[in-house]
Each structure stands twice: as C-alpha cells, then as structure tokens.
There are 2 protein chains.
Amino acid sequence: MTGMPVTPAAPAPVLDPFADIVDLTAAIVDVPSVSGDERALADAVEQALRTHAPHLEVIRDGDTVIARTDRGLDRRVLLAGHLDTVPIADNLPSHRRERDGREELVGRGSCDMKGGVAVLLALAVRADAAPVDLTWVFYDHEEVAAADNSLTRLAAERPELLQADFAILGEPTSAGVEGGCKGTMKLQVTARGVAAHSARDWVGDNAIHHLAPVLVRLADYEARRAVIDGLEYRECLNVVAISGGIAGNVIPDRASATLNYRFAPDTSVAQAEAHVREVLSGLGVTIEVTDAAAGALPGLDTPAARDFLAAIGEGTSVAAKQGWTDVARFSALGTPAVNFGPGDPLLAHTDDEHVPTTDLRHALAGLARFLGTEVPTA
Amino acid sequence: MTGMPVTPAAPAPVLDPFADIVDLTAAIVDVPSVSGDERALADAVEQALRTHAPHLEVIRDGDTVIARTDRGLDRRVLLAGHLDTVPIADNLPSHRRERDGREELVGRGSCDMKGGVAVLLALAVRADAAPVDLTWVFYDHEEVAAADNSLTRLAAERPELLQADFAILGEPTSAGVEGGCKGTMKLQVTARGVAAHSARDWVGDNAIHHLAPVLVRLADYEARRAVIDGLEYRECLNVVAISGGIAGNVIPDRASATLNYRFAPDTSVAQAEAHVREVLSGLGVTIEVTDAAAGALPGLDTPAARDFLAAIGEGTSVAAKQGWTDVARFSALGTPAVNFGPGDPLLAHTDDEHVPTTDLRHALAGLARFLGTEVPTA
C-alpha cells in the first residue's frame, strides 16, 4: 500500500445527550456499528461525554469509552452498555411507526441495545450529584466470541476500571429487571468421508450425509426448562451454521456444523459440554468446543440488588434473563449485577428489531430515580 | 486499475508431442488448468500443434484449440479431450511411483483427463495419412456447469467445426471402450425459517434443522441400477454442498443444499427432476433445477462404432460410462460417440488421482491402429 493516498476519516457524527430520548436513540441507531466496526460510534460517544460532562473523567481504550466520577463516596455503581450490533438486515436507517396506538423506533440495534446506550448516555451527562460514585462503560465486541469482548481485555489489563459494588447492564428487558443469565457455548461438529466423483458415489463416502443424524437429533431435541429462585431459564440447542462441499461433481469428504448451546446457570461449562457430547453420542463425528461462557445465577437476594429494586419501584417486573449478558462477567468478578433496559429481548437480532418509545422513557425515569437525577418528561 | 503496471504473462510452457507418452503426460499435468484457468495449457497445446503439425489447420477459439485435416476423404472422425481439471488438492506437481510392479503417474488431472489429452496430442502431430479426415478438439470448462462448457458455445456459434461421422472422447476408461453415459442434474434445495436470537429459539424457526429430513432421505436413498444394451448404469443422488447460518448467535432463517443426481440414459431430464421432487415430497422445501444435461444411450450398434471396435481389437473391454461426458453432446448432435482413454474412471477427482503408464501406452497404440499411424513402443 506504499504511496497510496489515505482517505481522511469522516468526522464522528455529533450526538446531543440532552435531546429527547427517542431522538437520541435514533441518532445512535443511525451510526452503523456491527461488531468490529464500532469506531465511529465510540468516537461520537466519547465526544459527547467530553463536551457535556465535565464532572466525568473520560478514558478511551480501543473502541471502549469509560467515564467515571471520583467523589470519594462509600459505594460505586457501574452502568454498562455495548455499542455493537449483529449484522444489518436491510433495517437501517431507523424509522418511527405507530402500531396499536404505540409509538416504536425500528432499526438494527434499536432493541439490542442502543436504546439502553441512549438512556445511559443521557444519564451520564446529568447525574453529577448521585448518592454513589458512578462508572459508565460503553464497550465493543459483545455480539461475537466472548474472547473478543472488550470487557475480557479490560478485566485482564485494567481490572480497577471495572471494580464496583453493584453493576447494571442496559440490555433489553422491556424496562423490567432480569436476573442472572444462561451460559453459552459454541461447538464445531465435523463429519469426515472420502472424496470421489459424484457419478461414482459408491467409491466415496459422503460427509454431508453423515450430518443427517446430527440434524435429526437437534431438530428433535427437547430442551430443559430450569427454575432457579423462582425464575425460569429455557435452554436452547441449535445448529447456527452448516457448511460442506468441494465442487458440484465431487462427493465431499468433510462437512461441519456449528452448534450454539444456551444452558441454565446451574450448569457449568464442563457439564454443558458433556451434555452436548451425550446428545450426539455414537454418531462418529468429532466435536470441539470453540467458545464458552458460564451463565450467572440470579443473585437478587444480595443487599445491593435489593436497594436497586426498592428504588426502581415495586411495580417493576422481575424475570429470568434468557440471553447471555455480561452480567455473568461481573458475577464472576464477585459484583452483583442485573439487566435493566428498554426493548423486548425477544426482538433482539430479528429483522423487525424495534423499541417502544414508552420503554425508553420508563427506563430513563427508573434509573434517574435510582441516581437521584431529574430528567424532563415527554 | 488505471496506471497500474501490468505484469507480463509468463511464456507458455513448451510441450514436445514426440516425447515419450509418459513424459508428455507429466508435462501436461504440470501445467495447472483448473476450470477457468486453462489459458496457459491451451497456449502450450496450440504452440505444439503449430510447430509440429504442418498438415493441420489450427484454430483458436477462446481457450479451445481445434486442429483439422481437410484431405477430401469420405469420412471425418473427431477426437476430443478437455484441458481443465477439478480443483487441485495438494497433488501437483506430478510424480511417478511404482506399486505392485506397476508404474503410475500421480497428480491432479493425470487420470481425468490429461493422459487422454497427451495421447491425442501425440497422435495429432503424427496422423498425417489417416484413412479418414480428422478433427482434433482440445477444449475448456468441462468440469463445471454444462452451460459454461466451451462445446456449448462452439455448437451454437461454429457447429461446422464439430461436424463428424464419428467421435471419440479421450475420457478415462482404462483404455477400454465405454458406451453412452448417465445424465446429470444439479438442484438447489432451500429451507426457510424465522430468524431470532439463539438464546430464545422458541421465537424463531431454525431453517437448518428443516434440512434434517432432506439429509435423511438422501443418506437412506437406494439408487437404481439400469441395464441397457447389456451395460449397467448405476444412478447416484447426493448432497454435494450445504450452507446456512447468519451469525453464531442467530437462529438462521435460510439454509440450502445443492444436490447432484446422476441418472441412467433411459431417463429424460424432465423425468429426473420429477423423481427428485418425489424423493423429497412433503418436506416443505423449495427445489430448483440449476443445471441439467441428458445422458446418452450406448449406441454401440451403429456402423461407425462397429468399425472402431473392430480396429481397436476384440480383447478390448466394453462397459457402461458412469460419468457424464460430452459423448452425450455429440449424441444429441446425431454423431455416434464413444469414450476411450487411459486412466481408471474411479480415480477421477480423488486426491490420489493417477494413471498407470501401461494405460497410456495401450490407449496410444489402440488409437494409432485405428488411425493407421506408427508410434514408437516403449
């Protein structure tokens, strides 16, 4: 590339954290930030914090932005949200619509979890007199392998930045509280055969055909529902990718399927792997775990969690978190943590991903009460 | 690319058609020519013909090389071989080995069908006094979709070049005669579902899991064996490629399998399609034919075929051709055609593809007798 002219980077989009929360969410959604491509959004968040929150120390680490108060208070609460999304499915830029008398913001990331990011950003610039010290974390690479998640790097290299007495993740919960989370594991299942010309298949051995019983067992699989502390965690075991084939006239000698197992938080990573191996036992395929992260038990009975629930209000729903979230990461660090954010988690990653505007306002108001901050009502 | 320096093309490798047939085959094998990348080998063949065969009119058409006598004789025989191979599998350059007292040349294309190409090239430069006029065709894009085969273009644009009373294809037959060939059809089978987060699969519908019964039916499929004119054609129905998956944490809404059906020559393309649709009936998948070519009935009772068999000798084996070959293309043009070439067809496309050197010498000697030409014996 020597001598090639360098295209100057486009200036970061400007975010106004004092704008109406729906406008702010739309502005954040409209900055595409598929995992690995978070820089423009991280730049915009950093710039908004540096411009509008003189009470915060702002730290940039890769495409993660951290902002902290340091007022010497007894307790520190960490509030975090990831900036990245799953791939765009022709659902950007965002638009608004009204359905059944309800206003919704539609677009990739509106639910998972740029609504939550908008709520956190709106409060970060306002909560300069909270009853606790605050750490705000806007981070990258959440929707990919756990090893690439920037919190993995921070926990290893700068653990002091993640230290807190309680953590709140802005993942979508329909502005209710969701406790704990399931674990997640990816496995590569590989079948082998013998290549041959496809006009003489009796000389070869078709590896793709050897995946037939693997798919049958997973299609027929009946997943466990685990009830823990009164919350129901539904397990899931799926083939999320499949590939094989050499050429149109060759019997393939190799085929593989990628499995994703979401397991209840009472199950360890080792137990989860043993279970998948049992489900696929006797099929003559090789099974390799490529990524795994344990879940988190609900932990709603810790003092810090009880204080948060009291501030949020008794009418708030409390349920199990189905998707793996970084609540598990904080749980492993010994920090009680809950999920609390706008958006229906069932819509995360769907093409019709959207967030009701009332969710945005409820989450903003609830967290503002907890932080002792005023926000304008719509 | 404006202004970029252009790397001069490497000169074509030089082929000596008067070299020992094993040396000539090795030289041809060592010019890689995967479908779409035949230019260097076509250049080398063209140069060898122009240099060593003044009795031939040489015509270049794309990456196909045609060479003809025009001596005004009563009958014209066409001899053809394709220059391309399936993808290389770490099996180039070629090498020789001895196994069970038999010398073999090993490497991609040695069997399918550069051994045949070498035999044709060696005879093209020598057969200047054959009892019939001759057309030699060295062509490209045989190992891919029928629509891309250069004979399709020639048949449409310059059909006079393919006109002949009898055709011999140098496809591997272990230097025996193989009559007719099976038809071939490619089909795309697609399953649809509903995308969702993989931690909440009950909201989605896994398209890859819907391929389970497709794979089961094909893995369990018992193929027909059709006996025609005493020759047995074994049908084959296989998944040759499979793909699906959006991201590691998304339930996929689409998955597809590519099928290859090799059907007996008593079955039409329409009948073949109906059969596959019946095999997969009731599975809720869509099925689309993407490529098809009918087979060819043996046709060994035509006068031209009988003359050829008599010249080749009574000891030569006669069997069914299992792989689709361009014998079907000539059959459709009304020209009787047979397959006759060195190499075991069971080894075509395998990683251990090789040709016994005795096959090369037998095929060379047999065709030389038919053409009334002398070749040196080893």
# chains A, B, ... in the order shown; residues from 1 in each chain; ligands from 1
>>> residues_around(residues="Ser317 in chain A", least_positions_apart="3", cutoff="9 Å", atoms="only C-alpha atoms", output="PDB file with N, CA, C and O atoms, in the first residue's frame")
ATOM      1  N   ALA A 175     -37.666  -2.767  30.154  1.00  0.00           N
ATOM      2  CA  ALA A 175     -37.598  -1.888  31.322  1.00  0.00           C
ATOM      3  C   ALA A 175     -38.069  -2.583  32.597  1.00  0.00           C
ATOM      4  O   ALA A 175     -38.582  -1.931  33.517  1.00  0.00           O
ATOM      5  N   GLY A 176     -37.908  -3.916  32.606  1.00  0.00           N
ATOM      6  CA  GLY A 176     -38.093  -4.667  33.849  1.00  0.00           C
ATOM      7  C   GLY A 176     -36.712  -5.081  34.343  1.00  0.00           C
ATOM      8  O   GLY A 176     -35.694  -4.743  33.738  1.00  0.00           O
ATOM      9  N   VAL A 177     -36.680  -5.833  35.442  1.00  0.00           N
ATOM     10  CA  VAL A 177     -35.399  -6.322  35.941  1.00  0.00           C
ATOM     11  C   VAL A 177     -35.288  -7.797  35.564  1.00  0.00           C
ATOM     12  O   VAL A 177     -36.225  -8.568  35.794  1.00  0.00           O
ATOM     13  N   GLU A 178     -34.177  -8.180  34.938  1.00  0.00           N
ATOM     14  CA  GLU A 178     -33.967  -9.589  34.606  1.00  0.00           C
ATOM     15  C   GLU A 178     -32.720 -10.083  35.313  1.00  0.00           C
ATOM     16  O   GLU A 178     -31.634  -9.522  35.144  1.00  0.00           O
ATOM     17  N   GLU A 314     -41.878  -1.121  43.257  1.00  0.00           N
ATOM     18  CA  GLU A 314     -42.433  -2.464  43.412  1.00  0.00           C
ATOM     19  C   GLU A 314     -43.166  -2.957  42.179  1.00  0.00           C
ATOM     20  O   GLU A 314     -43.330  -4.148  41.982  1.00  0.00           O
TER      21      GLU A 314
END
>>> select_by_dssp(residues="range 105-329 of chain B", states="alpha helix (DSSP H)", output="PyMOL selection string")
chain B and resi 115-124+150-157+212-220+269-279+303-312+327-329
>>> closest_atom_pairs(of="chain A", to="chain B", cutoff="6 Å", atoms="only C-alpha atoms", output="CSV")
residue,atom,partner,partner_atom,distance
A:Ala195,CA,B:Thr350,CA,5.9
A:Ala196,CA,B:Thr350,CA,5.2
A:His197,CA,B:His349,CA,5.5
A:Ala199,CA,B:Gly323,CA,4.9
A:His209,CA,B:Ala219,CA,5.2
A:Ala212,CA,B:Leu215,CA,4.9
A:Leu215,CA,B:Ala212,CA,4.9
A:Val216,CA,B:Ala212,CA,5.2
A:Ala219,CA,B:His209,CA,5.2
A:Val240,CA,B:Gly245,CA,5.4
A:Ala241,CA,B:Gly245,CA,4.0
A:Ile242,CA,B:Ser243,CA,5.2
A:Ser243,CA,B:Ser243,CA,4.6
A:Gly244,CA,B:Ala241,CA,5.3
A:Gly245,CA,B:Ala241,CA,4.0
A:Gly248,CA,B:Val240,CA,5.9
A:Ile251,CA,B:Val240,CA,5.8
A:Arg262,CA,B:Ala199,CA,5.9
A:Gln322,CA,B:Ala199,CA,6.0
A:Gly323,CA,B:Ala199,CA,4.9
A:His349,CA,B:His197,CA,5.5
A:Thr350,CA,B:Ala196,CA,5.2
>>> closest_residue(among="B:Val45, B:Val125, B:Pro356, B:Ile168", to="Val375 in chain B", atoms="only C-alpha atoms")
B:Val125
>>> residues_around(residues="Asp61 in chain B", least_positions_apart="5", cutoff="9 Å", atoms="only C-alpha atoms", output="list in words")
Ile66, Ser150 and Leu154 of chain B
>>> write_last_selection(atoms="N, CA and C atoms", output="CSV table (one decimal), in the first residue's frame")
chain,number,residue,atom,x,y,z
B,66,ILE,N,-8.6,-26.1,-31.8
B,66,ILE,CA,-9.1,-27.1,-32.8
B,66,ILE,C,-8.1,-27.2,-33.9
B,150,SER,N,-17.2,-25.1,-23.2
B,150,SER,CA,-16.9,-24.4,-24.5
B,150,SER,C,-17.5,-25.1,-25.7
B,154,LEU,N,-19.3,-23.6,-29.0
B,154,LEU,CA,-19.0,-24.0,-30.4
B,154,LEU,C,-20.2,-24.5,-31.1
>>> atom_distance(atom1="CA of Leu231 in chain A", atom2="CA of Pro298 in chain A")
8.1 Å
>>> closest_residue(among="B:Leu162, B:Val355, B:Leu360, B:Leu83", to="Gly107 in chain B", atoms="only C-alpha atoms")
B:Val355
>>> select_by_dssp(residues="range 71-218 of chain A", states="strand (DSSP E or B)", output="JSON, numbers by chain")
{"A": [76, 77, 78, 79, 80, 81, 82, 85, 95, 96, 97, 98, 99, 102, 103, 104, 105, 106, 133, 134, 135, 136, 137, 138, 139, 166, 167, 168, 169, 177, 178, 179, 181, 183, 184, 185, 186, 187, 188, 189, 190, 191, 192, 194, 196, 197, 205]}
>>> write_last_selection(atoms="C-alpha atoms", output="PDB file, in the first residue's frame")
ATOM      1  CA  ARG A  76     -19.629   2.692  43.445  1.00  0.00           C
ATOM      2  CA  VAL A  77     -22.192   1.592  40.867  1.00  0.00           C
ATOM      3  CA  LEU A  78     -21.176   0.603  37.341  1.00  0.00           C
ATOM      4  CA  LEU A  79     -23.581   1.076  34.421  1.00  0.00           C
ATOM      5  CA  ALA A  80     -22.626  -0.527  31.117  1.00  0.00           C
ATOM      6  CA  GLY A  81     -23.854  -0.970  27.566  1.00  0.00           C
ATOM      7  CA  HIS A  82     -22.340  -2.406  24.402  1.00  0.00           C
ATOM      8  CA  THR A  85     -24.905  -4.905  16.870  1.00  0.00           C
ATOM      9  CA  HIS A  95     -37.721   4.930  11.222  1.00  0.00           C
ATOM     10  CA  ARG A  96     -40.651   5.524  13.533  1.00  0.00           C
ATOM     11  CA  ARG A  97     -44.047   3.921  13.259  1.00  0.00           C
ATOM     12  CA  GLU A  98     -47.238   3.690  15.264  1.00  0.00           C
ATOM     13  CA  ARG A  99     -48.883   0.312  15.820  1.00  0.00           C
ATOM     14  CA  ARG A 102     -47.982   2.573  20.421  1.00  0.00           C
ATOM     15  CA  GLU A 103     -45.032   4.520  19.025  1.00  0.00           C
ATOM     16  CA  GLU A 104     -41.986   2.420  18.064  1.00  0.00           C
ATOM     17  CA  LEU A 105     -38.491   3.156  16.810  1.00  0.00           C
ATOM     18  CA  VAL A 106     -37.487   0.495  14.241  1.00  0.00           C
ATOM     19  CA  ASP A 133     -19.817   7.164  42.681  1.00  0.00           C
ATOM     20  CA  LEU A 134     -20.507   6.087  39.103  1.00  0.00           C
ATOM     21  CA  THR A 135     -18.619   4.271  36.354  1.00  0.00           C
ATOM     22  CA  TRP A 136     -20.130   4.373  32.848  1.00  0.00           C
ATOM     23  CA  VAL A 137     -18.842   1.797  30.343  1.00  0.00           C
ATOM     24  CA  PHE A 138     -19.657   1.888  26.607  1.00  0.00           C
ATOM     25  CA  TYR A 139     -17.916  -1.108  25.087  1.00  0.00           C
ATOM     26  CA  PHE A 166     -23.085  -3.220  42.007  1.00  0.00           C
ATOM     27  CA  ALA A 167     -23.487  -3.288  38.227  1.00  0.00           C
ATOM     28  CA  ILE A 168     -26.411  -2.536  35.950  1.00  0.00           C
ATOM     29  CA  LEU A 169     -26.334  -3.640  32.317  1.00  0.00           C
ATOM     30  CA  VAL A 177     -35.399  -6.322  35.941  1.00  0.00           C
ATOM     31  CA  GLU A 178     -33.967  -9.589  34.606  1.00  0.00           C
ATOM     32  CA  GLY A 179     -31.836 -11.635  36.937  1.00  0.00           C
ATOM     33  CA  CYS A 181     -28.421 -15.244  32.584  1.00  0.00           C
ATOM     34  CA  GLY A 183     -24.442 -19.679  29.733  1.00  0.00           C
ATOM     35  CA  THR A 184     -23.462 -20.069  26.101  1.00  0.00           C
ATOM     36  CA  MET A 185     -21.220 -22.485  24.243  1.00  0.00           C
ATOM     37  CA  LYS A 186     -20.245 -22.886  20.603  1.00  0.00           C
ATOM     38  CA  LEU A 187     -19.164 -26.253  19.263  1.00  0.00           C
ATOM     39  CA  GLN A 188     -17.851 -27.379  15.907  1.00  0.00           C
ATOM     40  CA  VAL A 189     -19.189 -30.768  14.808  1.00  0.00           C
ATOM     41  CA  THR A 190     -17.269 -32.301  11.916  1.00  0.00           C
ATOM     42  CA  ALA A 191     -18.052 -35.360   9.810  1.00  0.00           C
ATOM     43  CA  ARG A 192     -15.435 -36.993   7.589  1.00  0.00           C
ATOM     44  CA  VAL A 194     -13.950 -39.990   1.298  1.00  0.00           C
ATOM     45  CA  ALA A 196     -14.914 -39.254  -5.145  1.00  0.00           C
ATOM     46  CA  HIS A 197     -16.522 -38.319  -8.431  1.00  0.00           C
ATOM     47  CA  ASP A 205     -18.305 -41.707   1.361  1.00  0.00           C
TER      48      ASP A 205
END
>>> atom_distance(atom1="CA of Val31 in chain B", atom2="CA of Pro13 in chain B")
7.6 Å
>>> residues_around(residues="Phe370 in chain A", least_positions_apart="6", cutoff="8 Å", atoms="only C-alpha atoms", output="count of residues only")
3
>>> closest_residue(among="B:Ala147, B:Glu374, B:Val117, B:Ala40", to="Asp291 in chain B", atoms="only C-alpha atoms")
B:Ala147
>>> atom_distance(atom1="CA of Ala129 in chain B", atom2="CA of Pro376 in chain B")
16.7 Å
>>> residues_around(residues="Gly116 in chain A", least_positions_apart="2", cutoff="12 Å", atoms="only C-alpha atoms", output="PyMOL selection string")
chain A and resi 21-22+24-26+28-29+79-83+109-114+118-123+137-138+168-175+339-345+355+357+359-364+367
>>> decode(residues="range 168-179 of chain B", atoms="N, CA, C and O atoms", output="mmCIF file, in the first residue's frame")
data_model
loop_
_atom_site.group_PDB
_atom_site.id
_atom_site.type_symbol
_atom_site.label_atom_id
_atom_site.label_comp_id
_atom_site.auth_asym_id
_atom_site.auth_seq_id
_atom_site.Cartn_x
_atom_site.Cartn_y
_atom_site.Cartn_z
ATOM 1 N N ILE B 168 -14.694 -39.670 -30.867
ATOM 2 C CA ILE B 168 -14.027 -40.425 -29.799
ATOM 3 C C ILE B 168 -13.602 -39.419 -28.742
ATOM 4 O O ILE B 168 -12.882 -38.450 -29.048
ATOM 5 N N LEU B 169 -14.058 -39.619 -27.509
ATOM 6 C CA LEU B 169 -13.643 -38.755 -26.411
ATOM 7 C C LEU B 169 -12.598 -39.477 -25.589
ATOM 8 O O LEU B 169 -12.787 -40.640 -25.243
ATOM 9 N N GLY B 170 -11.536 -38.762 -25.254
ATOM 10 C CA GLY B 170 -10.431 -39.391 -24.530
ATOM 11 C C GLY B 170 -10.627 -39.474 -23.024
ATOM 12 O O GLY B 170 -9.643 -39.562 -22.282
ATOM 13 N N GLU B 171 -11.857 -39.443 -22.543
ATOM 14 C CA GLU B 171 -12.142 -39.573 -21.107
ATOM 15 C C GLU B 171 -11.619 -40.917 -20.584
ATOM 16 O O GLU B 171 -11.563 -41.903 -21.309
ATOM 17 N N PRO B 172 -11.256 -40.979 -19.300
ATOM 18 C CA PRO B 172 -10.663 -42.215 -18.760
ATOM 19 C C PRO B 172 -11.620 -43.407 -18.822
ATOM 20 O O PRO B 172 -12.754 -43.324 -18.366
ATOM 21 N N THR B 173 -11.134 -44.490 -19.400
ATOM 22 C CA THR B 173 -11.901 -45.742 -19.480
ATOM 23 C C THR B 173 -10.986 -46.938 -19.230
ATOM 24 O O THR B 173 -11.332 -48.061 -19.592
ATOM 25 N N SER B 174 -9.807 -46.697 -18.648
ATOM 26 C CA SER B 174 -8.794 -47.740 -18.504
ATOM 27 C C SER B 174 -8.453 -48.343 -19.864
ATOM 28 O O SER B 174 -8.211 -49.548 -19.990
ATOM 29 N N ALA B 175 -8.481 -47.491 -20.889
ATOM 30 C CA ALA B 175 -8.162 -47.897 -22.261
ATOM 31 C C ALA B 175 -9.090 -48.994 -22.764
ATOM 32 O O ALA B 175 -8.716 -49.804 -23.612
ATOM 33 N N GLY B 176 -10.316 -49.005 -22.196
ATOM 34 C CA GLY B 176 -11.378 -49.844 -22.752
ATOM 35 C C GLY B 176 -12.365 -48.927 -23.454
ATOM 36 O O GLY B 176 -12.167 -47.717 -23.525
ATOM 37 N N VAL B 177 -13.438 -49.508 -23.986
ATOM 38 C CA VAL B 177 -14.468 -48.678 -24.618
ATOM 39 C C VAL B 177 -15.636 -48.580 -23.654
ATOM 40 O O VAL B 177 -16.099 -49.600 -23.126
ATOM 41 N N GLU B 178 -16.089 -47.353 -23.370
ATOM 42 C CA GLU B 178 -17.257 -47.175 -22.517
ATOM 43 C C GLU B 178 -18.350 -46.479 -23.310
ATOM 44 O O GLU B 178 -18.149 -45.393 -23.849
ATOM 45 N N GLY B 179 -19.500 -47.147 -23.345
ATOM 46 C CA GLY B 179 -20.594 -46.674 -24.186
ATOM 47 C C GLY B 179 -21.563 -45.798 -23.424
ATOM 48 O O GLY B 179 -21.840 -46.014 -22.246
#
